[in-house]
Each structure stands twice: as structure tokens, then as C-alpha cells.
Amino acid sequence: MSAEGGTVASGPRVAVVGGGIGGLTLAIALRRHGITATVFERAPELREVGAAVALAANSNRLLRRIGLGPDIAGISVEPSALVYRHWREGRILAAHPIGRDNAYQERFGAPFYGMHRAQLQRILSAAFGTEDLCLDRNVIGLRETSAGITIEFDDGDSFDADIVVGADGVHSTVRSWVTVEQPPVYTRTSGFRGLAPIDALPSLPDPSVLQFWVGPDLHLLHYPIAGGLVNFLAVSEGPDVWPTKESTLTAAPDELATMLKGWHPAAVEMVTSVPQSARWALLHQPALRHWSRGRAVLIGDAAHAMLPHHGQGANQAVEDAVVLARCIVDAPTNEHTAAFERYQRLRRSRTRKIQHASLATSPLLHIPDGESTIARDAVFTDVPARIDWIHGHDAWPAATI
């Protein structure tokens, strides 16, 4: 059955817990194969946490194949280059073209885009529609029987399915049913996010680039999105202990600006041009041995939460979704075990490698000035070759064998 062709809905009853990027992509991919999924989202409306998202070639090529390429291109901005700069002096440590001369797409076979998360969410929502979308549904547990699996909601209601997919993020309820393995752990690093107007950044050397300012115990990443805005993420060391079970923490007034004292004026302008955000805990999921249990399976952050330093969280969720859809389609209705085993075999090693690469990158971005920066700058110079295996990967052929 062609992924691009529309067919009469058939196959297993699939319930997706979580209406974010991964969950909706999975539901759309299944529909392209003729299977209808019901998506349950705990929020009363579809919305994405965070200001923006970057989609790399490895996910954009998949989104094109399920029919979303033109719509996504229409809301996106392609950075002109990837640039690393010294935190105080602003001198360039390394630079690599992205949109300039079409270099990135020539190398990796698909574009690199930055976009507002809310706009991406709207495209995914429009492609999926509302008929099989259930909002304000808080899942509290699962119950499996010989005939299927039942989702239980906090209002006492329930839903019967053949397969349940946990696309419910880093604090996944479905994961707590699938496995008792170690949940995501705090990495002793945290971040602040924001959307800065380009007009408020007169000292910024080039607002068109994807840029890392790297310095002692802190780095600032930013890239342009539509509407004359620059999305930024500032990541710092600490606090040593995260004092709450929530992902965010209210920071002291001007805490981020204080941390950037002495940095290049462009960095200071950026973080002070908008109100300071909450502080986000950066979490890492120790590699899970089991991504499924019975009729339930995990995708995205629910399976492999990773640090943002390779920008692959959303991209790996898209890869998961498209591969899992194919595995479900290829398996007979009652052969979910074989589908899940194939899916995990195709996905676990790759996501684990990216998790570890992201974790190893964190200290590299926070090195103080000194001799150790020589080796660091050599890594920055070699970035295109070092990310070939991530951005050049095409999950489609393996999923369709």
C-alpha cells in the first residue's frame, strides 16, 4: 500500500496518547496507509511548549513523503549558515553554509528549517483534522485484556484499542506503564527560551544565521524564524539540584542577564529584549531496554528524551512516527508484538547514539577560555562531517524493507 495514496480506513484500532509533533505525525502517517488513529491530548487545545523548533534534513525528507513538505516550507526560514562565536569578543570560531549556495540541501538531500512551534502545530492539526482528535483527555492508566488494551481517563471514562502509542513526552504516563526502568534524569544544566525581535538587536552581527555563542559555563543558541523574530535558547550550568518535579522553575528577576554580564552586546541585547522566561530543566533519558509492553509502545521523548544540543528531539520523534507507522501497517492486525520488535530494532540504536552525542556536546559548549578551546574549535570546524550520520540518515528505506 502506497504511503501517499488515500484508502478506506482499516486495520487495528490505534490510540495515540499525546497530540504533539510525534503523535500527530504518526496519526497522519497511519492515515496515509489507510489506518485511522484516535489522538488523545490532555490540553484543552493543541499547543506546543517552547518558542520555536528546527527541522533538519532527516525529518524534512520524511515529512515530504507524507505530503507535508510544501506547507512546512511555507512557514519556515532557512538559516544562511551555522556559525560558532566567542562569547565575549564575537569572533567567528567556525562557520558552515546552510541556505547559502544551497550547501546544506546539496549535502544532506533535504532542507534545514526554523519555524514557530505553534505554526508547525497548526499544519499538523490541519492535516489530521478534528474528527479523531480528543482534547482535554487526561490519561491516568492502561489496562490490557485478552481482547485489547483500554485507556483510562481521570473522569472515569475509557477507550478500547488494539494498540496504544505513548507520544506523551518526557513525563510520559504511558512509559510508567510500559517500564519501571529509570525515568529521565536532570543533567545539572538548564535553559531559558525566548523570541527576540530582530529590530531590537542592533549589535547582532548576522541575524540570518543559526549561531552558537560559546563561553564559560553557558552558551546561547539562536536562529531566525518568520515574522522578523530570532528564536533563542540560553543554556547554563546549574542549579546542581532541581527542586521540583515540574519541568520549569521561576528564576530570579534578571537572572539570565546577570549570567551574561561581560558577554558580547548582541547576546545581552537578545536576552533582555523580551521578558525572562521560566527556567527549564534539561533532562536526559537513560537508554531504555524496553520500548513496549504488551499492546503499548513509546515514541519520541517518552522513549528517548535527549538534550537539545544536536537539535534532534523533534526530528527523532518524526523518524519514530514514520517508522512505527510502517511497522504497524506491515504487521497483521493481531501481530503487534512483531511490529513493536521491528520498530525498536530499527530505532533504538540510532536514538541512543544521538542521546549520547547530545550529552557529550554539553560540556564542549561551556569550556572556559584557555588551551582546551583549541581542540574544541577543531570539533566546530569539522561539524558537517560529524553530523553526516544524523542529518544524512533516511529512515524511509529501512522502514519499507
# chains A, B, ... in the order shown; residues from 1 in each chain; ligands from 1

call {"tool": "select_by_dssp", "arguments": {"residues": "region 94-309 of chain A", "states": "alpha helix (DSSP H)", "output": "MDAnalysis selection string"}}
result
chainID A and resid 103:108 117:128 173:178 255:259 265:272 301:304

call {"tool": "residues_around", "arguments": {"residues": "region 222-234 of chain A", "least_positions_apart": "3", "cutoff": "6 Å", "atoms": "only C-alpha atoms", "output": "list in words"}}
result
Val77, Gly114, Met115, Gly191, Phe192, Arg193, Gly194, Leu195, Ala196, Pro197, Ile198, Ser208, Val209, Leu210, Gln211 and His219 of chain A

call {"tool": "residues_around", "arguments": {"residues": "Thr244 (chain A)", "least_positions_apart": "3", "cutoff": "12 Å", "atoms": "only C-alpha atoms", "output": "number ranges by chain"}}
result
A: 186, 239, 241, 247-250, 279-281

call {"tool": "select_by_dssp", "arguments": {"residues": "region 221-284 of chain A", "states": "strand (DSSP E)", "output": "list in words"}}
result
Leu221, His222, Tyr223, Pro224, Ile225, Leu229, Val230, Asn231, Phe232, Leu233, Ala234, Val235, Ser236, Glu237, Thr248, Leu249, Arg279, Trp280, Ala281, Leu282, Leu283 and His284 of chain A

call {"tool": "closest_residue", "arguments": {"among": "A:Ala56, A:Glu144, A:Ile149, A:Arg91", "to": "Tyr113 (chain A)", "atoms": "only C-alpha atoms"}}
result
A:Ala56

call {"tool": "decode", "arguments": {"residues": "region 212-226 of chain A", "atoms": "N, CA and C atoms", "output": "PDB file, in the first residue's frame"}}
result
ATOM      1  N   PHE A 212      25.797  29.759  17.536  1.00  0.00           N
ATOM      2  CA  PHE A 212      26.145  29.426  18.911  1.00  0.00           C
ATOM      3  C   PHE A 212      27.171  30.435  19.413  1.00  0.00           C
ATOM      4  N   TRP A 213      26.845  31.102  20.524  1.00  0.00           N
ATOM      5  CA  TRP A 213      27.844  31.871  21.265  1.00  0.00           C
ATOM      6  C   TRP A 213      28.280  30.966  22.424  1.00  0.00           C
ATOM      7  N   VAL A 214      29.564  30.628  22.484  1.00  0.00           N
ATOM      8  CA  VAL A 214      30.021  29.643  23.467  1.00  0.00           C
ATOM      9  C   VAL A 214      30.975  30.294  24.457  1.00  0.00           C
ATOM     10  N   GLY A 215      30.780  29.984  25.739  1.00  0.00           N
ATOM     11  CA  GLY A 215      31.610  30.590  26.768  1.00  0.00           C
ATOM     12  C   GLY A 215      31.633  29.763  28.039  1.00  0.00           C
ATOM     13  N   PRO A 216      32.286  30.272  29.056  1.00  0.00           N
ATOM     14  CA  PRO A 216      32.425  29.539  30.315  1.00  0.00           C
ATOM     15  C   PRO A 216      31.058  29.266  30.942  1.00  0.00           C
ATOM     16  N   ASP A 217      30.721  27.986  31.090  1.00  0.00           N
ATOM     17  CA  ASP A 217      29.528  27.529  31.804  1.00  0.00           C
ATOM     18  C   ASP A 217      28.214  27.942  31.167  1.00  0.00           C
ATOM     19  N   LEU A 218      28.236  28.425  29.923  1.00  0.00           N
ATOM     20  CA  LEU A 218      26.987  28.896  29.317  1.00  0.00           C
ATOM     21  C   LEU A 218      27.157  28.993  27.807  1.00  0.00           C
ATOM     22  N   HIS A 219      26.068  28.728  27.079  1.00  0.00           N
ATOM     23  CA  HIS A 219      26.061  29.029  25.646  1.00  0.00           C
ATOM     24  C   HIS A 219      24.697  29.575  25.254  1.00  0.00           C
ATOM     25  N   LEU A 220      24.695  30.330  24.169  1.00  0.00           N
ATOM     26  CA  LEU A 220      23.481  30.933  23.639  1.00  0.00           C
ATOM     27  C   LEU A 220      23.338  30.506  22.185  1.00  0.00           C
ATOM     28  N   LEU A 221      22.231  29.836  21.874  1.00  0.00           N
ATOM     29  CA  LEU A 221      21.922  29.401  20.520  1.00  0.00           C
ATOM     30  C   LEU A 221      20.756  30.238  20.003  1.00  0.00           C
ATOM     31  N   HIS A 222      20.823  30.648  18.734  1.00  0.00           N
ATOM     32  CA  HIS A 222      19.682  31.351  18.148  1.00  0.00           C
ATOM     33  C   HIS A 222      19.624  31.119  16.653  1.00  0.00           C
ATOM     34  N   TYR A 223      18.403  31.274  16.097  1.00  0.00           N
ATOM     35  CA  TYR A 223      18.202  31.178  14.656  1.00  0.00           C
ATOM     36  C   TYR A 223      16.936  31.949  14.293  1.00  0.00           C
ATOM     37  N   PRO A 224      16.831  32.389  13.031  1.00  0.00           N
ATOM     38  CA  PRO A 224      15.671  33.210  12.628  1.00  0.00           C
ATOM     39  C   PRO A 224      14.443  32.353  12.350  1.00  0.00           C
ATOM     40  N   ILE A 225      13.274  32.925  12.627  1.00  0.00           N
ATOM     41  CA  ILE A 225      12.015  32.321  12.205  1.00  0.00           C
ATOM     42  C   ILE A 225      11.183  33.424  11.554  1.00  0.00           C
ATOM     43  N   ALA A 226      10.034  33.062  11.018  1.00  0.00           N
ATOM     44  CA  ALA A 226       9.200  34.030  10.302  1.00  0.00           C
ATOM     45  C   ALA A 226       8.710  35.133  11.236  1.00  0.00           C
TER      46      ALA A 226
END
